[in-house]
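Student: Got a file for you: structure09.pdb, PDB, C-alpha atoms, pLDDT in the B column.
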```pdb
ATOM      1  CA  MET A   1     -25.097 -57.041  17.210  1.00 43.00           C
ATOM      2  CA  TRP A   2     -22.622 -54.687  18.756  1.00 44.00           C
ATOM      3  CA  HIS A   3     -22.771 -54.181  22.456  1.00 44.00           C
ATOM      4  CA  VAL A   4     -21.412 -51.051  24.108  1.00 41.00           C
ATOM      5  CA  TYR A   5     -20.526 -51.279  27.729  1.00 36.00           C
ATOM      6  CA  PHE A   6     -20.195 -48.291  30.025  1.00 36.00           C
ATOM      7  CA  SER A   7     -18.305 -48.401  33.267  1.00 42.00           C
ATOM      8  CA  ILE A   8     -19.456 -45.827  35.755  1.00 41.00           C
ATOM      9  CA  ALA A   9     -17.063 -45.192  38.603  1.00 47.00           C
ATOM     10  CA  GLY A  10     -18.049 -43.814  41.893  1.00 46.00           C
ATOM     11  CA  PRO A  11     -17.355 -40.212  42.997  1.00 48.00           C
ATOM     12  CA  TRP A  12     -13.722 -39.103  43.020  1.00 43.00           C
ATOM     13  CA  ARG A  13     -12.166 -38.814  46.426  1.00 47.00           C
ATOM     14  CA  ARG A  14      -9.192 -36.572  47.173  1.00 48.00           C
ATOM     15  CA  SER A  15      -6.309 -38.154  48.932  1.00 49.00           C
ATOM     16  CA  SER A  16      -6.107 -37.065  52.496  1.00 51.00           C
ATOM     17  CA  GLY A  17      -2.470 -36.043  51.876  1.00 54.00           C
ATOM     18  CA  ARG A  18      -3.263 -33.627  49.029  1.00 57.00           C
ATOM     19  CA  ARG A  19      -3.436 -29.867  49.666  1.00 61.00           C
ATOM     20  CA  GLY A  20      -3.860 -26.633  47.655  1.00 63.00           C
ATOM     21  CA  PHE A  21      -1.246 -23.997  46.888  1.00 64.00           C
ATOM     22  CA  SER A  22       0.014 -21.959  49.775  1.00 76.00           C
ATOM     23  CA  LEU A  23       0.026 -18.159  49.509  1.00 74.00           C
ATOM     24  CA  THR A  24       3.819 -18.149  49.175  1.00 77.00           C
ATOM     25  CA  GLU A  25       3.748 -20.652  46.324  1.00 73.00           C
ATOM     26  CA  LEU A  26       1.026 -18.664  44.558  1.00 76.00           C
ATOM     27  CA  LEU A  27       3.028 -15.434  44.850  1.00 79.00           C
ATOM     28  CA  ILE A  28       6.122 -17.179  43.467  1.00 81.00           C
ATOM     29  CA  VAL A  29       4.137 -18.430  40.451  1.00 78.00           C
ATOM     30  CA  ILE A  30       2.713 -14.941  39.832  1.00 82.00           C
ATOM     31  CA  ALA A  31       6.203 -13.414  40.089  1.00 80.00           C
ATOM     32  CA  ILE A  32       7.603 -15.922  37.597  1.00 81.00           C
ATOM     33  CA  ILE A  33       4.756 -15.219  35.159  1.00 82.00           C
ATOM     34  CA  ALA A  34       5.271 -11.447  35.522  1.00 77.00           C
ATOM     35  CA  LEU A  35       9.028 -11.758  34.987  1.00 77.00           C
ATOM     36  CA  THR A  36       8.571 -13.974  31.936  1.00 76.00           C
ATOM     37  CA  SER A  37       6.003 -11.567  30.475  1.00 71.00           C
ATOM     38  CA  ALA A  38       8.331  -8.602  30.997  1.00 67.00           C
ATOM     39  CA  ILE A  39      11.172 -10.404  29.219  1.00 69.00           C
ATOM     40  CA  VAL A  40       8.915 -11.414  26.323  1.00 63.00           C
ATOM     41  CA  PHE A  41       7.516  -7.881  25.957  1.00 56.00           C
ATOM     42  CA  ALA A  42      11.039  -6.420  25.997  1.00 54.00           C
ATOM     43  CA  VAL A  43      12.206  -8.849  23.320  1.00 53.00           C
ATOM     44  CA  VAL A  44       9.149  -8.123  21.172  1.00 53.00           C
ATOM     45  CA  ALA A  45       9.662  -4.372  21.579  1.00 51.00           C
ATOM     46  CA  ARG A  46      13.321  -4.627  20.539  1.00 54.00           C
ATOM     47  CA  ALA A  47      12.368  -6.779  17.564  1.00 49.00           C
ATOM     48  CA  ARG A  48       9.710  -4.262  16.530  1.00 54.00           C
ATOM     49  CA  ASP A  49      12.158  -1.367  16.850  1.00 57.00           C
ATOM     50  CA  SER A  50      14.784  -3.236  14.831  1.00 61.00           C
ATOM     51  CA  ALA A  51      12.191  -4.035  12.171  1.00 68.00           C
ATOM     52  CA  ASN A  52      11.418  -0.320  11.797  1.00 78.00           C
ATOM     53  CA  ARG A  53      15.025   0.624  11.026  1.00 90.00           C
ATOM     54  CA  PRO A  54      15.395  -0.826   7.487  1.00 93.00           C
ATOM     55  CA  PRO A  55      12.291   0.915   6.059  1.00 94.00           C
ATOM     56  CA  CYS A  56      13.268   4.170   7.788  1.00 96.00           C
ATOM     57  CA  ALA A  57      16.798   3.897   6.363  1.00 95.00           C
ATOM     58  CA  SER A  58      15.255   3.271   2.945  1.00 95.00           C
ATOM     59  CA  ASN A  59      13.170   6.436   3.344  1.00 96.00           C
ATOM     60  CA  LEU A  60      16.292   8.417   4.219  1.00 97.00           C
ATOM     61  CA  ARG A  61      18.027   7.108   1.086  1.00 96.00           C
ATOM     62  CA  GLN A  62      15.038   8.253  -0.981  1.00 96.00           C
ATOM     63  CA  LEU A  63      15.360  11.651   0.676  1.00 96.00           C
ATOM     64  CA  GLY A  64      19.065  11.680  -0.237  1.00 96.00           C
ATOM     65  CA  THR A  65      18.201  10.928  -3.870  1.00 96.00           C
ATOM     66  CA  ALA A  66      15.647  13.743  -3.901  1.00 96.00           C
ATOM     67  CA  LEU A  67      18.237  16.153  -2.456  1.00 95.00           C
ATOM     68  CA  GLU A  68      20.715  15.178  -5.192  1.00 95.00           C
ATOM     69  CA  MET A  69      18.053  15.775  -7.852  1.00 95.00           C
ATOM     70  CA  TYR A  70      17.191  19.147  -6.297  1.00 95.00           C
ATOM     71  CA  ARG A  71      20.835  20.232  -6.358  1.00 93.00           C
ATOM     72  CA  SER A  72      21.080  19.113  -9.975  1.00 93.00           C
ATOM     73  CA  ASP A  73      17.953  21.049 -10.997  1.00 94.00           C
ATOM     74  CA  TYR A  74      18.757  24.214  -9.004  1.00 93.00           C
ATOM     75  CA  ASP A  75      22.414  24.821  -9.863  1.00 92.00           C
ATOM     76  CA  GLY A  76      23.843  23.140  -6.778  1.00 88.00           C
ATOM     77  CA  THR A  77      21.747  25.012  -4.226  1.00 89.00           C
ATOM     78  CA  GLU A  78      20.130  23.228  -1.278  1.00 89.00           C
ATOM     79  CA  PRO A  79      16.452  23.472  -0.315  1.00 93.00           C
ATOM     80  CA  ILE A  80      16.096  25.768   2.678  1.00 90.00           C
ATOM     81  CA  PHE A  81      13.160  23.836   4.118  1.00 92.00           C
ATOM     82  CA  LEU A  82      11.686  20.399   3.473  1.00 93.00           C
ATOM     83  CA  GLU A  83       8.615  22.054   1.997  1.00 93.00           C
ATOM     84  CA  ASP A  84      10.800  23.401  -0.834  1.00 94.00           C
ATOM     85  CA  LEU A  85      11.923  19.844  -1.596  1.00 95.00           C
ATOM     86  CA  VAL A  86       8.346  18.528  -1.464  1.00 95.00           C
ATOM     87  CA  LYS A  87       7.154  21.229  -3.851  1.00 95.00           C
ATOM     88  CA  ALA A  88       9.861  20.236  -6.321  1.00 95.00           C
ATOM     89  CA  PHE A  89       9.369  16.471  -5.848  1.00 95.00           C
ATOM     90  CA  PRO A  90       5.941  15.668  -4.318  1.00 95.00           C
ATOM     91  CA  SER A  91       6.707  11.919  -4.243  1.00 94.00           C
ATOM     92  CA  VAL A  92       9.332  12.483  -1.531  1.00 95.00           C
ATOM     93  CA  ARG A  93       6.515  13.205   0.922  1.00 95.00           C
ATOM     94  CA  THR A  94       6.092   9.522   1.822  1.00 94.00           C
ATOM     95  CA  ALA A  95       9.826   9.225   2.573  1.00 96.00           C
ATOM     96  CA  LEU A  96       9.512  11.805   5.358  1.00 97.00           C
ATOM     97  CA  VAL A  97       7.527   9.459   7.613  1.00 96.00           C
ATOM     98  CA  CYS A  98       9.234   6.853   9.796  1.00 95.00           C
ATOM     99  CA  PRO A  99       7.321   3.631  10.642  1.00 93.00           C
ATOM    100  CA  ALA A 100       8.375   4.117  14.264  1.00 92.00           C
ATOM    101  CA  ASP A 101       6.562   7.461  14.478  1.00 93.00           C
ATOM    102  CA  HIS A 102       3.283   6.866  16.306  1.00 90.00           C
ATOM    103  CA  SER A 103       2.690  10.572  16.968  1.00 90.00           C
ATOM    104  CA  GLN A 104       1.070  13.241  14.828  1.00 92.00           C
ATOM    105  CA  GLY A 105       4.556  14.004  13.502  1.00 94.00           C
ATOM    106  CA  ALA A 106       7.832  13.783  15.440  1.00 94.00           C
ATOM    107  CA  ASN A 107       9.152  16.800  13.546  1.00 94.00           C
ATOM    108  CA  ALA A 108       6.527  19.253  14.763  1.00 92.00           C
ATOM    109  CA  PHE A 109       8.094  22.215  12.935  1.00 91.00           C
ATOM    110  CA  ASP A 110       7.971  20.688   9.443  1.00 94.00           C
ATOM    111  CA  THR A 111       4.671  18.925  10.159  1.00 94.00           C
ATOM    112  CA  ALA A 112       3.102  22.343  10.816  1.00 92.00           C
ATOM    113  CA  ARG A 113       4.737  23.964   7.773  1.00 90.00           C
ATOM    114  CA  ASN A 114       3.784  21.166   5.367  1.00 91.00           C
ATOM    115  CA  HIS A 115       0.377  20.285   6.861  1.00 92.00           C
ATOM    116  CA  PHE A 116       1.191  16.577   6.776  1.00 94.00           C
ATOM    117  CA  LYS A 117       3.077  14.201   9.052  1.00 95.00           C
ATOM    118  CA  VAL A 118       6.881  14.541   9.063  1.00 97.00           C
ATOM    119  CA  SER A 119       9.189  12.341  11.167  1.00 96.00           C
ATOM    120  CA  ILE A 120      12.594  13.152   9.654  1.00 96.00           C
ATOM    121  CA  PHE A 121      14.622  16.180  10.764  1.00 96.00           C
ATOM    122  CA  TYR A 122      16.419  18.245   8.101  1.00 95.00           C
ATOM    123  CA  TRP A 123      19.280  20.537   9.085  1.00 86.00           C
ATOM    124  CA  ARG A 124      19.399  23.242   6.390  1.00 80.00           C
ATOM    125  CA  PRO A 125      17.545  26.069   8.209  1.00 73.00           C
ATOM    126  CA  TYR A 126      20.776  26.747  10.140  1.00 79.00           C
ATOM    127  CA  PRO A 127      22.644  29.979   9.294  1.00 81.00           C
ATOM    128  CA  THR A 128      25.479  29.902   6.773  1.00 80.00           C
ATOM    129  CA  GLY A 129      28.131  30.203   9.487  1.00 84.00           C
ATOM    130  CA  TYR A 130      26.889  27.039  11.200  1.00 86.00           C
ATOM    131  CA  ARG A 131      26.830  25.142   7.919  1.00 85.00           C
ATOM    132  CA  ASP A 132      30.376  26.275   7.128  1.00 87.00           C
ATOM    133  CA  ALA A 133      31.589  25.255  10.586  1.00 87.00           C
ATOM    134  CA  ILE A 134      30.150  21.747  10.456  1.00 89.00           C
ATOM    135  CA  ALA A 135      31.339  21.242   6.863  1.00 90.00           C
ATOM    136  CA  ALA A 136      34.877  22.207   7.943  1.00 90.00           C
ATOM    137  CA  ALA A 137      34.746  19.761  10.879  1.00 90.00           C
ATOM    138  CA  ASP A 138      33.211  16.937   8.818  1.00 94.00           C
ATOM    139  CA  PRO A 139      32.783  17.275   5.015  1.00 94.00           C
ATOM    140  CA  ASN A 140      30.556  14.174   5.002  1.00 96.00           C
ATOM    141  CA  HIS A 141      28.334  15.362   7.834  1.00 94.00           C
ATOM    142  CA  GLY A 142      24.666  14.529   8.275  1.00 95.00           C
ATOM    143  CA  VAL A 143      21.980  16.395   6.360  1.00 94.00           C
ATOM    144  CA  ALA A 144      18.933  14.638   7.845  1.00 96.00           C
ATOM    145  CA  TYR A 145      18.253  12.161  10.642  1.00 96.00           C
ATOM    146  CA  CYS A 146      15.634  10.186  12.552  1.00 96.00           C
ATOM    147  CA  VAL A 147      15.833   9.919  16.333  1.00 93.00           C
ATOM    148  CA  LEU A 148      12.906   7.538  16.844  1.00 93.00           C
ATOM    149  CA  HIS A 149      14.962   4.339  17.081  1.00 91.00           C
ATOM    150  CA  GLY A 150      16.552   5.039  20.452  1.00 86.00           C
ATOM    151  CA  LYS A 151      15.260   4.863  23.997  1.00 83.00           C
ATOM    152  CA  ARG A 152      12.431   7.189  25.007  1.00 80.00           C
ATOM    153  CA  LEU A 153      13.337   8.982  28.231  1.00 76.00           C
ATOM    154  CA  PRO A 154      10.914  10.017  30.981  1.00 70.00           C
ATOM    155  CA  ASP A 155       9.123  13.158  29.837  1.00 61.00           C
ATOM    156  CA  HIS A 156      10.093  16.277  31.764  1.00 56.00           C
ATOM    157  CA  GLY A 157       7.740  18.563  29.873  1.00 56.00           C
ATOM    158  CA  GLU A 158       9.794  18.584  26.662  1.00 63.00           C
ATOM    159  CA  ASN A 159       8.017  16.860  23.783  1.00 76.00           C
ATOM    160  CA  ASP A 160      10.889  17.149  21.280  1.00 84.00           C
ATOM    161  CA  PRO A 161      12.256  13.651  20.457  1.00 88.00           C
ATOM    162  CA  ARG A 162      15.661  15.216  19.762  1.00 86.00           C
ATOM    163  CA  VAL A 163      15.824  15.906  23.484  1.00 80.00           C
ATOM    164  CA  ASN A 164      13.832  13.114  25.134  1.00 81.00           C
ATOM    165  CA  THR A 165      15.299  10.115  23.293  1.00 83.00           C
ATOM    166  CA  THR A 166      18.773   8.642  23.427  1.00 82.00           C
ATOM    167  CA  GLY A 167      20.625   5.849  21.702  1.00 85.00           C
ATOM    168  CA  VAL A 168      20.541   4.838  18.032  1.00 89.00           C
ATOM    169  CA  VAL A 169      20.074   7.575  15.431  1.00 93.00           C
ATOM    170  CA  LEU A 170      19.622   7.005  11.694  1.00 96.00           C
ATOM    171  CA  ARG A 171      21.686   9.680   9.963  1.00 97.00           C
ATOM    172  CA  LEU A 172      21.650  10.538   6.242  1.00 97.00           C
ATOM    173  CA  LEU A 173      25.112  11.782   5.250  1.00 96.00           C
ATOM    174  CA  THR A 174      26.100  14.257   2.562  1.00 93.00           C
ATOM    175  CA  ASP A 175      27.097  11.408   0.236  1.00 93.00           C
ATOM    176  CA  SER A 176      23.623   9.794   0.733  1.00 93.00           C
ATOM    177  CA  SER A 177      24.979   6.905   2.835  1.00 95.00           C
ATOM    178  CA  ILE A 178      23.376   5.989   6.165  1.00 96.00           C
ATOM    179  CA  GLN A 179      25.009   5.927   9.601  1.00 95.00           C
ATOM    180  CA  THR A 180      23.562   4.465  12.812  1.00 94.00           C
ATOM    181  CA  PRO A 181      25.543   6.182  15.577  1.00 92.00           C
ATOM    182  CA  HIS A 182      24.716   6.048  19.276  1.00 89.00           C
ATOM    183  CA  VAL A 183      24.125   9.658  20.300  1.00 85.00           C
ATOM    184  CA  GLY A 184      24.118  10.279  24.018  1.00 79.00           C
ATOM    185  CA  PHE A 185      24.037  13.438  26.079  1.00 75.00           C
ATOM    186  CA  HIS A 186      26.499  16.237  26.842  1.00 69.00           C
ATOM    187  CA  CYS A 187      27.057  18.052  30.120  1.00 68.00           C
ATOM    188  CA  GLY A 188      28.177  21.559  30.859  1.00 64.00           C
ATOM    189  CA  GLU A 189      28.168  24.054  33.716  1.00 64.00           C
ATOM    190  CA  LEU A 190      25.778  26.983  33.636  1.00 60.00           C
ATOM    191  CA  PRO A 191      26.791  30.452  34.945  1.00 64.00           C
ATOM    192  CA  ASN A 192      24.861  29.779  38.162  1.00 69.00           C
ATOM    193  CA  GLY A 193      26.919  26.631  38.810  1.00 67.00           C
ATOM    194  CA  ALA A 194      24.155  24.198  37.864  1.00 65.00           C
ATOM    195  CA  THR A 195      24.880  21.264  35.557  1.00 64.00           C
ATOM    196  CA  LEU A 196      23.215  21.197  32.164  1.00 61.00           C
ATOM    197  CA  GLN A 197      22.382  17.906  30.484  1.00 66.00           C
ATOM    198  CA  MET A 198      21.342  18.102  26.887  1.00 68.00           C
ATOM    199  CA  ARG A 199      21.447  16.312  23.565  1.00 73.00           C
ATOM    200  CA  THR A 200      23.211  18.558  21.087  1.00 75.00           C
ATOM    201  CA  GLU A 201      22.083  19.173  17.524  1.00 82.00           C
ATOM    202  CA  TRP A 202      25.710  19.120  16.413  1.00 85.00           C
ATOM    203  CA  SER A 203      26.137  15.580  17.742  1.00 85.00           C
ATOM    204  CA  LEU A 204      23.014  14.470  15.862  1.00 90.00           C
ATOM    205  CA  LEU A 205      24.613  15.607  12.595  1.00 92.00           C
ATOM    206  CA  THR A 206      28.207  14.447  13.065  1.00 92.00           C
ATOM    207  CA  ASP A 207      30.580  12.555  15.356  1.00 90.00           C
ATOM    208  CA  ALA A 208      33.268  15.213  14.808  1.00 89.00           C
ATOM    209  CA  ALA A 209      34.188  17.515  17.682  1.00 82.00           C
ATOM    210  CA  CYS A 210      32.852  21.061  17.449  1.00 78.00           C
ATOM    211  CA  THR A 211      35.783  23.478  17.340  1.00 73.00           C
ATOM    212  CA  ASN A 212      34.019  26.750  16.492  1.00 70.00           C
ATOM    213  CA  LYS A 213      32.921  28.245  19.823  1.00 69.00           C
ATOM    214  CA  GLU A 214      30.399  30.504  18.130  1.00 71.00           C
ATOM    215  CA  PHE A 215      28.378  27.528  16.959  1.00 68.00           C
ATOM    216  CA  CYS A 216      29.287  24.895  19.558  1.00 67.00           C
ATOM    217  CA  ASP A 217      26.703  23.947  22.145  1.00 54.00           C
ATOM    218  CA  ALA A 218      27.159  25.075  25.720  1.00 51.00           C
ATOM    219  CA  ALA A 219      27.524  21.482  26.897  1.00 50.00           C
ATOM    220  CA  PRO A 220      30.674  20.102  25.245  1.00 55.00           C
ATOM    221  CA  ILE A 221      31.484  17.195  27.567  1.00 62.00           C
ATOM    222  CA  PRO A 222      29.882  13.786  26.831  1.00 62.00           C
ATOM    223  CA  CYS A 223      28.060  12.391  29.831  1.00 66.00           C
ATOM    224  CA  ILE A 224      25.233  10.090  30.880  1.00 62.00           C
ATOM    225  CA  ASP A 225      21.881  11.716  31.406  1.00 58.00           C
ATOM    226  CA  PRO A 226      20.461  10.412  34.719  1.00 58.00           C
ATOM    227  CA  ARG A 227      17.120   9.760  33.006  1.00 56.00           C
ATOM    228  CA  GLU A 228      18.762   6.990  30.981  1.00 57.00           C
ATOM    229  CA  ASN A 229      19.001   4.836  34.104  1.00 57.00           C
ATOM    230  CA  ASN A 230      15.313   5.149  34.968  1.00 53.00           C
TER     231      ASN A 230
END
```
Once you've parsed the file, please lay out its structure as structure tokens.
Tutor:
Amino acid sequence: MWHVYFSIAGPWRRSSGRRGFSLTELLIVIAIIALTSAIVFAVVARARDSANRPPCASNLRQLGTALEMYRSDYDGTEPIFLEDLVKAFPSVRTALVCPADHSQGANAFDTARNHFKVSIFYWRPYPTGYRDAIAAADPNHGVAYCVLHGKRLPDHGENDPRVNTTGVVLRLLTDSSIQTPHVGFHCGELPNGATLQMRTEWSLLTDAACTNKEFCDAAPIPCIDPRENN
């Protein structure tokens, strides 16, 4: 027969020299936990943003292919608006959405015109003179881009991501290749003496300097927007 023996000890007694955490020690532990959490969240956010770039770049390449097909079918002409391209090739619709777009549509203009979510910005609505100027400055300029892979700046009432983000841009070039430039801000002086900080459309399309004053932005000098340091 098996016998099982239990040993029951008496009540535990704390050593007289043992004490709890002091308030200072507790605050230090909380600060360490908060700092560690902030670092982890930042790393996860960067990893998530980086993970969104390849599929967005793939979408831009699909858009480039659709643009080439459109030019081939329409005697070399370009679609004026994205809706013209979608009408010709409905399958390109899915390529107009970036995985990093958590809004109703970062490109509010084309979202409203097409009645479905659009994240990518297309440049063709510009007048002929602007198109000629940018083509002269950079024959392989951008034709479409996504600005959702940079840093979101504090909102000052402007909900356009072309203005309130800075950093990495995914740019589809004329030859259908993809660039990932860092597009910052430009500064200029207004007639009243105030300083203007803005992100120029020209700089979103090309790294080339704008030489045509008629189409250049009023803020030609690269600078750091103070919001970037917040």
Student: So how many Å separate CA of Ser176 (chain A) and CA of Asp84 (chain A), to one decimal?
Tutor: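 Going from CA of Ser176 (chain A) over to CA of Asp84 (chain A) covers 18.8 Å.
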Student: Using all atoms listed in the file, which protein or nucleic acid residues come within 12 Å of Asn114 (chain A)? Drop anything in the same chain fewer than 2 positions from it, and give the result as an MDAnalysis selection string.
Tutor: chainID A and resid 81:87 90 93 96 105 107:112 116:119
Student: Residues near Pro55 (chain A), anyone? I mean within 9 Å using all atoms listed in the file, not counting same-chain ones fewer than 5 positions away, as a list in words.
Tutor: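 Result of the neighbour search: Leu60, Cys98 and Pro99 of chain A.
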Student: Check the smallest atom-to-atom distance from each of A:Ile28, A:Ala106, A:Ala34, A:Ala209 to Thr165 (chain A) using only C-alpha atoms, then report the winner.
Tutor: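 The shortest atom-to-atom distance to Thr165 (chain A) comes from A:Ala106.
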Student: Find, counting all atoms listed in the file, the residue in A:Thr206, A:Val183, A:Pro79, A:Thr24 that gets nearest to Ala133 (chain A).
Tutor: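 The answer is A:Thr206, which sits nearest to Ala133 (chain A).
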Student: What's around region 63-70 of chain A at 7 Å? Count only C-alpha atoms, leave out sequence neighbours fewer than 4 positions away in its own chain, and write the answer as a PyMOL selection string.
Tutor: chain A and resi 59+74+92+95+176
Student: Report the distance between CA of Val169 (chain A) and CA of Thr77 (chain A) in Å, rounded to one decimal place.
Tutor: 26.3 Å
Student: In Å to one decimal, how far is CA of Phe185 (chain A) from CA of Thr200 (chain A)?
Tutor: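 Atom-to-atom, CA of Thr200 (chain A) and CA of Phe185 (chain A) are spaced 7.2 Å apart.
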Student: Hey, which of A:Ile178, A:Ser58, A:Asp207, A:Pro127 ends up closest to Thr94 (chain A)? Count all atoms listed in the file.
Tutor: A:Ser58
Student: Point out the residue among A:Thr180, A:Thr36, A:Ser91, A:Gln62 with the least atom-to-atom distance to Val147 (chain A), counting all atoms listed in the file.
Tutor: A:Thr180
Student: Any chance you could work out the residue set of the PyMOL selection byres ((chain A and resi 144) around 6) here, as a PyMOL selection string?
Tutor: chain A and resi 121-122+142-143+145+172
Student: Please produce region 161-178 of chain A, completed to N, CA and C atoms, as a short mmCIF file (atom, residue, chain, number, x, y, z; two decimals), keeping the file's coordinate frame.
Tutor:
```
data_model
loop_
_atom_site.label_atom_id
_atom_site.label_comp_id
_atom_site.auth_asym_id
_atom_site.auth_seq_id
_atom_site.Cartn_x
_atom_site.Cartn_y
_atom_site.Cartn_z
N PRO A 161 11.52 14.92 20.39
CA PRO A 161 12.26 13.65 20.46
C PRO A 161 13.76 13.82 20.33
N ARG A 162 14.22 14.97 19.82
CA ARG A 162 15.66 15.22 19.76
C ARG A 162 16.25 15.37 21.15
N VAL A 163 15.39 15.68 22.11
CA VAL A 163 15.82 15.91 23.48
C VAL A 163 15.48 14.73 24.38
N ASN A 164 14.29 14.14 24.19
CA ASN A 164 13.83 13.11 25.13
C ASN A 164 14.01 11.68 24.64
N THR A 165 14.91 11.47 23.67
CA THR A 165 15.30 10.12 23.29
C THR A 165 16.82 10.03 23.30
N THR A 166 17.33 8.84 23.47
CA THR A 166 18.77 8.64 23.43
C THR A 166 19.07 7.28 22.81
N GLY A 167 20.26 7.13 22.29
CA GLY A 167 20.62 5.85 21.70
C GLY A 167 20.80 5.95 20.20
N VAL A 168 20.31 4.95 19.48
CA VAL A 168 20.54 4.84 18.03
C VAL A 168 19.85 5.97 17.27
N VAL A 169 20.60 6.56 16.34
CA VAL A 169 20.07 7.58 15.43
C VAL A 169 20.35 7.10 14.01
N LEU A 170 19.38 7.25 13.11
CA LEU A 170 19.62 7.00 11.69
C LEU A 170 19.96 8.34 11.04
N ARG A 171 21.16 8.41 10.48
CA ARG A 171 21.69 9.68 9.96
C ARG A 171 21.97 9.57 8.47
N LEU A 172 21.37 10.46 7.67
CA LEU A 172 21.65 10.54 6.24
C LEU A 172 22.83 11.48 6.04
N LEU A 173 23.91 10.98 5.44
CA LEU A 173 25.11 11.78 5.25
C LEU A 173 25.08 12.53 3.92
N THR A 174 26.02 13.44 3.77
CA THR A 174 26.10 14.26 2.56
C THR A 174 26.22 13.40 1.30
N ASP A 175 26.93 12.27 1.40
CA ASP A 175 27.10 11.41 0.24
C ASP A 175 25.95 10.41 0.06
N SER A 176 24.85 10.61 0.80
CA SER A 176 23.62 9.79 0.73
C SER A 176 23.77 8.42 1.38
N SER A 177 24.86 8.15 2.07
CA SER A 177 24.98 6.90 2.84
C SER A 177 24.29 7.08 4.19
N ILE A 178 24.09 5.97 4.89
CA ILE A 178 23.38 5.99 6.16
C ILE A 178 24.30 5.55 7.29
#
```
